[in-house]
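Chemist: Contents of target.txt (compact mmCIF, C-alpha atoms) are below:
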# COMPACT_ATOMS: atom_id res chain seq x y z
CA MET A 27 -30.13 -72.70 88.16
CA ALA A 28 -28.83 -69.26 89.09
CA THR A 29 -28.46 -68.34 92.75
CA PRO A 30 -28.98 -64.85 94.17
CA HIS A 31 -25.89 -62.74 94.79
CA PHE A 32 -26.81 -59.93 97.12
CA SER A 33 -23.66 -57.86 97.18
CA SER A 34 -23.49 -54.37 98.59
CA ALA A 35 -19.90 -53.85 97.44
CA LEU A 36 -20.94 -52.75 93.94
CA SER A 37 -23.68 -50.24 93.26
CA VAL A 38 -25.15 -49.42 89.88
CA PRO A 39 -22.69 -47.11 88.12
CA ALA A 40 -23.99 -43.73 87.11
CA VAL A 41 -24.40 -43.08 83.40
CA PRO A 42 -22.32 -40.03 82.41
CA ALA A 43 -24.22 -37.15 80.88
CA ALA A 44 -21.95 -37.18 77.82
CA TYR A 45 -22.35 -40.88 77.07
CA PRO A 46 -21.97 -41.27 73.28
CA MET A 47 -25.04 -42.06 71.27
CA ALA A 48 -25.09 -44.29 68.21
CA LYS A 49 -26.13 -43.09 64.78
CA PRO A 50 -29.88 -42.78 64.19
CA GLY A 51 -31.34 -46.26 63.82
CA TYR A 52 -28.51 -47.96 65.74
CA GLY A 53 -27.75 -48.68 69.38
CA LYS A 54 -29.91 -49.72 72.31
CA ARG A 55 -33.64 -50.25 71.99
CA SER A 56 -35.81 -51.26 74.94
CA ALA A 57 -38.36 -54.04 74.55
CA PRO A 58 -41.98 -53.32 75.46
CA GLY A 59 -43.88 -54.57 78.50
CA GLU A 60 -41.11 -54.21 81.06
CA GLN A 61 -41.73 -54.12 84.79
CA PRO A 62 -40.98 -50.90 86.71
CA ARG A 63 -37.39 -50.51 87.85
CA THR A 64 -36.73 -51.75 91.41
CA ARG A 65 -33.71 -52.29 93.67
CA ASP A 66 -33.97 -56.06 93.21
CA ASP A 67 -33.50 -56.00 89.45
CA PHE A 68 -30.97 -58.60 88.25
CA ALA A 69 -30.66 -59.98 91.81
CA LEU A 70 -30.31 -63.54 90.50
CA LEU A 71 -27.27 -62.67 88.39
CA PRO A 72 -23.64 -62.91 89.51
CA THR A 73 -21.89 -59.77 90.68
CA ARG A 74 -20.25 -58.85 87.41
CA GLU A 75 -23.35 -59.48 85.26
CA ARG A 76 -25.54 -57.62 87.74
CA TYR A 77 -23.18 -54.63 87.67
CA ILE A 78 -23.09 -54.47 83.86
CA ALA A 79 -26.82 -55.11 83.51
CA GLY A 80 -27.62 -52.24 85.85
CA PHE A 81 -25.44 -49.92 83.81
CA VAL A 82 -26.98 -50.98 80.48
CA ASP A 83 -30.49 -50.69 81.88
CA HIS A 84 -29.91 -47.03 82.73
CA LEU A 85 -28.55 -46.17 79.28
CA PRO A 86 -30.88 -44.02 77.15
CA GLU A 87 -32.51 -45.20 73.94
CA GLY A 88 -30.08 -45.24 71.03
CA ALA A 89 -26.97 -45.38 73.22
CA GLU A 90 -23.89 -47.01 71.75
CA MET A 91 -23.66 -50.64 72.83
CA SER A 92 -20.31 -51.78 71.47
CA ILE A 93 -18.05 -53.80 73.75
CA LYS A 94 -15.24 -51.26 73.43
CA ARG A 95 -17.50 -48.40 74.48
CA LEU A 96 -18.86 -50.31 77.49
CA ALA A 97 -15.33 -51.27 78.54
CA LYS A 98 -14.28 -47.59 78.48
CA GLN A 99 -17.19 -46.64 80.72
CA LEU A 100 -16.74 -49.59 83.09
CA PRO A 101 -13.03 -49.61 84.09
CA LEU A 102 -13.47 -52.53 86.51
CA TYR A 103 -13.74 -54.98 83.59
CA GLY A 104 -11.98 -55.34 80.27
CA GLN A 105 -13.40 -56.09 76.85
CA GLN A 106 -13.23 -59.86 77.29
CA ALA A 107 -15.08 -59.68 80.60
CA ILE A 108 -17.72 -57.39 79.05
CA SER A 109 -18.18 -59.80 76.13
CA THR A 110 -18.60 -62.77 78.45
CA ALA A 111 -21.06 -60.85 80.61
CA LEU A 112 -23.18 -59.90 77.58
CA ASN A 113 -23.28 -63.55 76.56
CA ALA A 114 -24.55 -64.44 80.02
CA LEU A 115 -27.17 -61.68 79.85
CA SER A 116 -28.31 -63.01 76.49
CA VAL A 117 -28.69 -66.52 77.92
CA ALA A 118 -30.56 -65.06 80.91
CA GLY A 119 -33.07 -63.50 78.49
CA HIS A 120 -32.22 -59.80 78.86
CA LEU A 121 -30.85 -58.90 75.41
CA ARG A 122 -30.69 -59.84 71.75
CA ARG A 123 -28.42 -58.40 69.09
CA VAL A 124 -30.08 -57.94 65.68
CA ARG A 125 -29.42 -56.56 62.20
CA CYS A 126 -32.22 -54.37 60.80
CA SER A 127 -32.56 -53.62 57.10
CA VAL A 128 -32.93 -49.86 56.69
CA GLY A 129 -33.90 -48.10 53.46
CA ALA A 130 -35.03 -49.51 50.14
CA GLY A 131 -33.59 -50.26 46.72
CA ASP A 132 -29.96 -49.31 46.19
CA GLU A 133 -29.89 -47.38 49.48
CA THR A 134 -30.52 -50.42 51.70
CA ARG A 135 -28.07 -50.88 54.57
CA TRP A 136 -27.91 -52.87 57.79
CA ALA A 137 -28.37 -51.16 61.15
CA TYR A 138 -27.13 -52.96 64.26
CA ARG A 139 -29.29 -52.78 67.36
CA THR A 140 -29.34 -54.32 70.79
CA PHE A 141 -32.82 -55.08 72.09
CA TRP A 142 -32.79 -54.83 75.86
CA SER A 143 -35.35 -56.09 78.38
CA ARG A 144 -35.07 -55.41 82.09
CA THR A 145 -37.48 -58.29 82.61
CA ALA A 146 -35.94 -61.65 81.68
CA ARG A 147 -37.73 -63.24 78.68
CA ASP A 148 -37.66 -66.79 77.41
CA ASN A 149 -36.83 -67.83 73.85
CA GLU A 150 -40.49 -68.15 72.83
CA TRP A 151 -41.17 -64.54 73.83
CA TRP A 152 -38.13 -63.25 71.96
CA ASN A 153 -38.97 -65.26 68.83
CA THR A 154 -42.51 -63.90 68.77
CA TYR A 155 -41.41 -60.34 69.42
CA LEU A 156 -38.69 -60.38 66.75
CA ALA A 157 -41.05 -62.01 64.23
CA THR A 158 -43.52 -59.20 64.86
CA GLU A 159 -40.76 -56.64 64.38
CA ASN A 160 -39.75 -58.27 61.10
CA ALA A 161 -43.35 -58.35 59.84
CA SER A 162 -43.86 -54.69 60.67
CA ARG A 163 -40.68 -53.76 58.82
CA ALA A 164 -41.54 -55.89 55.80
CA THR A 165 -44.97 -54.25 55.45
CA ALA A 166 -43.83 -50.71 56.20
CA PRO A 167 -44.25 -48.42 53.18
CA THR A 168 -41.00 -47.30 51.61
CA ALA A 169 -42.53 -44.23 49.99
CA PRO A 170 -45.17 -41.74 51.22
CA PRO A 171 -48.67 -42.49 49.93
CA GLU A 172 -50.13 -40.31 47.26
CA ALA A 173 -52.33 -37.46 48.37
CA PRO A 174 -56.05 -38.20 48.02
CA ALA A 175 -58.07 -36.25 45.52
CA SER A 176 -59.98 -33.22 46.75
CA PRO A 177 -63.63 -33.92 47.56
CA GLY A 178 -66.02 -32.92 44.84
CA LEU A 179 -63.36 -32.92 42.12
CA ALA A 180 -63.16 -35.92 39.88
CA ALA A 181 -59.91 -36.83 38.26
CA PRO A 182 -59.88 -36.16 34.52
CA ALA A 183 -60.57 -39.28 32.54
CA GLU A 184 -57.62 -40.44 30.55
CA SER A 185 -58.20 -40.82 26.85
CA PRO A 186 -57.71 -44.38 25.64
CA ALA A 187 -54.48 -45.09 23.83
CA PRO A 188 -54.86 -45.18 20.06
CA THR A 189 -55.12 -48.69 18.71
CA ALA A 190 -53.03 -49.55 15.70
CA VAL A 191 -55.20 -50.86 12.86
CA PRO A 192 -53.46 -53.24 10.45
CA LEU A 193 -53.52 -52.26 6.80
CA GLN A 194 -56.02 -54.07 4.63
CA ARG A 195 -56.02 -54.68 0.94
CA THR A 196 -59.19 -55.10 -1.16
CA PRO A 197 -58.93 -56.73 -4.58
CA PRO A 198 -60.19 -54.49 -7.38
CA GLU A 199 -62.78 -57.04 -8.49
CA ALA A 200 -64.23 -57.21 -4.98
CA ALA A 201 -64.51 -53.43 -4.56
CA PRO A 202 -68.08 -52.24 -4.01
CA ASP A 203 -69.85 -50.19 -6.66
CA THR A 204 -70.87 -47.47 -4.28
CA THR A 205 -68.96 -45.64 -1.59
CA PRO A 206 -70.60 -45.22 1.85
CA ALA A 207 -71.22 -41.74 3.11
CA THR A 208 -68.78 -42.17 5.99
CA ALA A 209 -65.89 -43.28 3.80
CA PRO A 210 -62.86 -40.97 3.82
CA VAL A 211 -62.39 -38.69 0.84
CA ALA A 212 -60.09 -40.24 -1.74
CA PRO A 213 -56.96 -38.29 -2.64
CA PRO A 214 -57.10 -36.42 -5.96
CA ALA A 215 -56.25 -38.52 -8.98
CA ALA A 216 -52.91 -38.08 -10.57
CA PRO A 217 -52.94 -35.96 -13.76
CA ALA A 218 -53.28 -37.89 -16.99
CA ALA A 219 -50.12 -38.63 -18.83
CA PRO A 220 -49.60 -36.68 -22.04
CA ALA A 221 -50.20 -38.41 -25.35
CA GLY A 222 -47.40 -40.59 -26.49
CA ARG A 223 -46.15 -41.39 -23.00
CA ALA A 224 -46.95 -44.45 -20.92
CA ALA A 225 -48.67 -43.85 -17.63
CA PRO A 226 -46.35 -44.42 -14.63
CA ALA A 227 -46.98 -47.61 -12.68
CA PRO A 228 -48.63 -47.05 -9.29
CA PRO A 229 -46.38 -47.66 -6.24
CA PRO A 230 -46.74 -51.12 -4.71
CA ALA A 231 -49.07 -51.33 -1.76
CA PRO A 232 -47.40 -52.09 1.60
CA ALA A 233 -47.43 -55.73 2.54
CA ALA A 234 -49.91 -56.76 5.16
CA ARG A 235 -48.46 -57.21 8.65
CA PRO A 236 -49.69 -59.75 11.15
CA ALA A 237 -51.80 -58.36 13.95
CA ALA A 238 -49.50 -59.80 16.64
CA LEU A 239 -46.22 -61.66 16.64
CA SER A 240 -45.64 -64.60 18.94
CA PRO A 241 -43.15 -64.38 21.82
CA ALA A 242 -41.06 -67.07 20.12
CA TYR A 243 -40.78 -65.02 16.92
CA LEU A 244 -39.89 -61.85 18.85
CA ALA A 245 -37.22 -63.67 20.85
CA LEU A 246 -35.61 -65.00 17.67
CA ALA A 247 -35.71 -61.54 16.11
CA GLU A 248 -33.97 -60.17 19.21
CA LEU A 249 -30.98 -62.51 18.85
CA GLY A 250 -29.28 -60.30 16.25
CA ARG A 251 -29.61 -57.28 18.54
CA LYS A 252 -27.96 -59.15 21.41
CA ASP A 253 -25.18 -60.61 19.24
CA ILE A 254 -24.65 -59.78 15.56
CA ARG A 255 -23.29 -63.27 14.96
CA LEU A 256 -26.83 -64.66 15.35
CA ALA A 257 -28.65 -62.15 13.13
CA LEU A 258 -31.65 -63.86 11.49
CA SER A 259 -33.87 -62.75 8.66
CA ALA A 260 -37.65 -62.59 8.83
CA ASP A 261 -37.93 -65.89 6.94
CA ASP A 262 -35.42 -67.52 9.30
CA CYS A 263 -37.45 -66.39 12.34
CA ALA A 264 -40.65 -67.74 10.80
CA THR A 265 -38.98 -71.07 10.01
CA LEU A 266 -37.48 -71.48 13.50
CA GLU A 267 -40.55 -70.17 15.32
CA PRO A 268 -42.08 -73.64 16.04
CA GLN A 269 -38.85 -74.83 17.67
CA ALA A 270 -38.63 -71.72 19.84
CA ALA A 271 -42.31 -72.04 20.75
CA ALA A 272 -41.52 -75.49 22.16
CA TRP A 273 -39.21 -73.78 24.66
CA PHE A 274 -41.95 -71.42 25.78
CA ALA A 275 -44.30 -74.39 26.17
CA ARG A 276 -41.88 -75.76 28.76
CA GLY A 277 -42.16 -72.69 30.96
CA VAL A 278 -39.19 -70.52 29.96
CA ASP A 279 -39.34 -66.87 28.94
CA ALA A 280 -37.66 -64.81 26.24
CA ASP A 281 -34.72 -63.82 28.46
CA TYR A 282 -33.97 -67.47 29.22
CA LEU A 283 -34.12 -68.47 25.55
CA ILE A 284 -31.91 -65.59 24.38
CA ALA A 285 -29.36 -66.22 27.12
CA ALA A 286 -29.19 -69.94 26.30
CA LEU A 287 -28.74 -69.37 22.57
CA THR A 288 -26.13 -66.60 22.88
CA ALA A 289 -24.01 -68.20 25.61
CA GLY A 290 -20.56 -69.45 24.63
CA LEU A 291 -20.68 -68.51 20.95
CA PRO A 292 -17.69 -69.37 18.75
CA ALA A 293 -15.59 -66.60 17.29
CA GLN A 294 -17.40 -66.88 13.95
CA VAL A 295 -20.80 -68.31 13.03
CA ASP A 296 -20.90 -69.20 9.33
CA CYS A 297 -24.61 -69.97 9.08
CA PRO A 298 -26.70 -68.35 11.88
CA PRO A 299 -30.00 -70.13 10.99
CA ARG A 300 -28.41 -73.58 11.02
CA PHE A 301 -26.49 -72.77 14.21
CA VAL A 302 -29.65 -71.55 15.99
CA ARG A 303 -31.65 -74.56 14.77
CA ARG A 304 -29.02 -76.90 16.22
CA ARG A 305 -28.98 -75.10 19.57
CA LEU A 306 -32.76 -75.04 19.78
CA ALA A 307 -32.74 -78.82 19.41
CA ASP A 308 -29.75 -79.61 21.65
CA LYS A 309 -30.38 -77.18 24.53
CA ILE A 310 -34.15 -77.42 24.88
CA PRO A 311 -35.01 -77.32 28.62
CA PRO A 312 -36.73 -80.24 30.37
CA HIS A 313 -40.42 -80.38 31.08
CA ARG A 314 -41.53 -78.93 34.39
CA PRO A 315 -42.43 -81.54 37.00
CA ALA A 316 -46.04 -81.94 38.03
CA GLY A 317 -47.23 -79.44 40.57
CA HIS A 318 -45.44 -76.42 39.13
CA SER A 319 -47.43 -73.63 37.64
CA THR A 320 -47.78 -73.56 33.88
CA PRO A 321 -47.50 -70.49 31.68
CA GLY A 322 -50.60 -68.35 31.84
CA THR A 323 -51.56 -69.38 35.37
CA SER A 324 -50.99 -67.37 38.49
CA THR A 325 -47.98 -68.27 40.59
CA PRO A 326 -47.85 -67.90 44.36
CA ALA A 327 -46.33 -64.65 45.49
CA PRO A 328 -42.80 -65.00 46.86
CA SER A 329 -42.40 -64.60 50.57
CA PRO A 330 -41.15 -61.15 51.58
CA ALA A 331 -37.48 -60.80 52.34
CA ARG A 332 -36.57 -60.70 55.98
CA ARG A 333 -35.68 -57.22 57.17
CA LEU A 334 -34.47 -58.32 60.62
CA LEU A 335 -31.88 -60.98 61.50
CA VAL A 336 -30.68 -61.98 64.96
CA GLU A 337 -26.94 -62.03 65.61
CA CYS A 338 -25.09 -64.42 67.85
CA THR A 339 -24.18 -62.35 70.89
CA ASP A 340 -20.76 -64.00 71.02
CA CYS A 341 -19.49 -64.33 67.44
CA GLY A 342 -21.95 -62.13 65.52
CA ARG A 343 -23.16 -64.87 63.14
CA PRO A 344 -26.60 -63.86 61.73
CA GLY A 345 -29.59 -66.15 61.59
CA LEU A 346 -33.29 -66.56 62.30
CA PRO A 347 -34.48 -66.18 65.89
CA GLU A 348 -35.45 -69.85 66.03
CA ALA A 349 -31.92 -70.90 65.02
CA LEU A 350 -30.29 -68.85 67.80
CA PRO A 351 -31.86 -69.87 71.11
CA ASP A 352 -30.54 -67.82 74.03
CA GLY A 353 -29.11 -65.46 71.39
CA LEU A 354 -26.21 -67.83 70.68
CA CYS A 355 -25.40 -69.95 67.64
CA ARG A 356 -24.88 -73.68 68.04
CA PRO A 357 -21.03 -73.65 68.41
CA CYS A 358 -21.07 -70.75 70.88
CA ARG A 359 -23.94 -72.28 72.83
CA ALA A 360 -22.05 -75.57 73.07
CA ALA A 361 -18.92 -73.80 74.27
CA HIS A 362 -20.96 -71.83 76.80
CA SER A 363 -22.64 -74.98 78.11
CA GLU A 364 -19.41 -76.99 78.37
CA GLY A 365 -17.32 -74.24 79.87
CA GLY A 366 -20.09 -72.81 81.97
CA GLY A 367 -18.85 -69.33 81.09
CA THR A 368 -16.04 -67.44 82.69
CA PRO A 369 -16.58 -67.35 86.46
CA SER A 370 -17.32 -63.95 87.89
CA VAL A 371 -14.42 -62.43 89.84
CA ASP A 372 -15.06 -60.27 92.87
CA PRO A 373 -13.45 -56.80 92.65
CA ALA A 374 -11.91 -57.35 96.06
CA GLU A 375 -10.01 -60.35 94.71
CA ILE A 376 -8.79 -58.26 91.79
CA ALA A 377 -7.51 -55.62 94.20
CA ASP A 378 -5.70 -58.28 96.24
CA VAL A 379 -4.02 -59.67 93.12
CA LYS A 380 -2.89 -56.21 92.06
CA ALA A 381 -1.49 -55.49 95.50
CA HIS A 382 0.33 -58.83 95.53
CA MET A 383 1.87 -58.15 92.10
CA ALA A 384 2.94 -54.66 93.19
CA ASN A 385 4.59 -56.16 96.28
CA ILE A 386 6.49 -58.66 94.09
CA ARG A 387 7.72 -55.88 91.79
CA ASP A 388 8.92 -53.90 94.83
CA LEU A 389 10.81 -56.92 96.12
CA LEU A 390 12.49 -57.39 92.75
CA LYS A 391 13.66 -53.78 92.77
CA ALA A 392 15.20 -54.14 96.25
CA PRO A 393 19.03 -54.56 96.30
Kindly transcribe the structure held in the file into structure tokens.

Modeler:
Amino acid sequence: MATPHFSSALSVPAVPAAYPMAKPGYGKRSAPGEQPRTRDDFALLPTRERYIAGFVDHLPEGAEMSIKRLAKQLPLYGQQAISTALNALSVAGHLRRVRCSVGAGDETRWAYRTFWSRTARDNEWWNTYLATENASRATAPTAPPEAPASPGLAAPAESPAPTAVPLQRTPPEAAPDTTPATAPVAPPAAPAAPAGRAAPAPPPAPAARPAALSPAYLALAELGRKDIRLALSADDCATLEPQAAAWFARGVDADYLIAALTAGLPAQVDCPPRFVRRRLADKIPPHRPAGHSTPGTSTPAPSPARRLLVECTDCGRPGLPEALPDGLCRPCRAAHSEGGGTPSVDPAEIADVKAHMANIRDLLKAP
């Protein structure tokens, strides 16, 4: 348990007016619900940690919090001492280092922040607070909402997309004797052939197309577009369609089937239909285990990606708040517990050591 260190030798250092600020979105950020600032803040901390905590507490929002910058502003301690003091402040519940995901899509980047609390918080408080921060970032809109329509003006109704009607053929013997009134006007008949010449044969009617093609057929037809070595004819696709449909029945999609059939092709495929038939039989995926969703049923929505990760205050390793109690990863926390941290050194002792070393150097210079 920490013991109070009431030392009047060190006062809270003044923050210079030109203290550098971090880039927007980076740097120091104060936690909510802090107590008003008093003279007894950080009284339970050792001298060095109390001195550094007082300086950090007076820094403005967004101030740069790197160890090098703090060491330049606090000449009494070097970078190693600053790093050790920040570890102790993290264990005491005053700060957490985090990575925040900023932006969306291809412009996403990580911003590094230091959450600071003048009031010491326990791990449960920090975990709850950081989880709330992550949830708010995950649900924040990445694009401005669309402007609402003006009152009294209805949006124009969109015309339905034209539906393709498959061609139909009616045998001549089944044609009706009369034509309904709503039937389209028939094109004018071709002029009669002159005597002595045979009438030209009418052009063949287009073949009827199926109303819809199955996903298995479409995937097989796409193979030739992905790799010319597996180009299949329409008859080949129709023949292999049942085998490909067995893949879809096991929960795969067209991209999976195409990737499996086109992976690792030999330099030359002599007979694409036979090659595809063999691969459809040899590489068919296994059945899904019970409990997984089947094709056509709704699947649970994936959990949103985390937009905030806590960093180990000592080594910078990222992780979830629950995995970094006291703001330290397991190896750093073990080292901190075993070593007990670097003991705080009084500035007066440092001055005595410097004076002693200067005296030794003077003695060495003497004849």

Chemist: Would you please work out which residue, of A:Ser116, A:Gln105, A:Thr73, A:Ser259, is nearest to Arg144 in chain A when using only C-alpha atoms?

Modeler: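 Selected residue with least distance to Arg144 in chain A: A:Ser116.
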
Chemist: Can you tell me how far CA of Arg255 in chain A sits from CA of Leu283 in chain A, in Å to one decimal?

Modeler: 16.0 Å

Chemist: Quick one: distance from CA of Ala79 in chain A to CA of Arg135 in chain A in Å, one decimal?

Modeler: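 Computing the Euclidean distance for CA of Ala79 in chain A and CA of Arg135 in chain A yields 29.3 Å.
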
Chemist: So, with only C-alpha atoms as the atoms that count, which of A:Val82, A:Val124, A:Ala89, A:Leu244 lies closest to Ala44 in chain A?

Modeler: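 Nearest candidate to Ala44 in chain A out of A:Val82, A:Val124, A:Ala89, A:Leu244: A:Ala89.
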
Chemist: Could you tell me how far CA of Ala349 in chain A sits from CA of Arg55 in chain A, in Å to one decimal place?

Modeler: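 Here the two named atoms are 21.9 Å from each other.
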
Chemist: May I ask which of the residues A:Ile284, A:Ile386, A:Val379, A:Leu258 is the closest one to Pro241 in chain A, counting only C-alpha atoms?

Modeler: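 Comparing A:Ile284, A:Ile386, A:Val379, A:Leu258 against Pro241 in chain A, the winner is A:Ile284.
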
Chemist: Please tell me which residues are no farther than 9 Å from (-22.1, -42.5, 83.0) in the file, counting all atoms listed in the file, and write them as a PyMOL selection string.

Modeler: chain A and resi 39-45+81+85+99-100
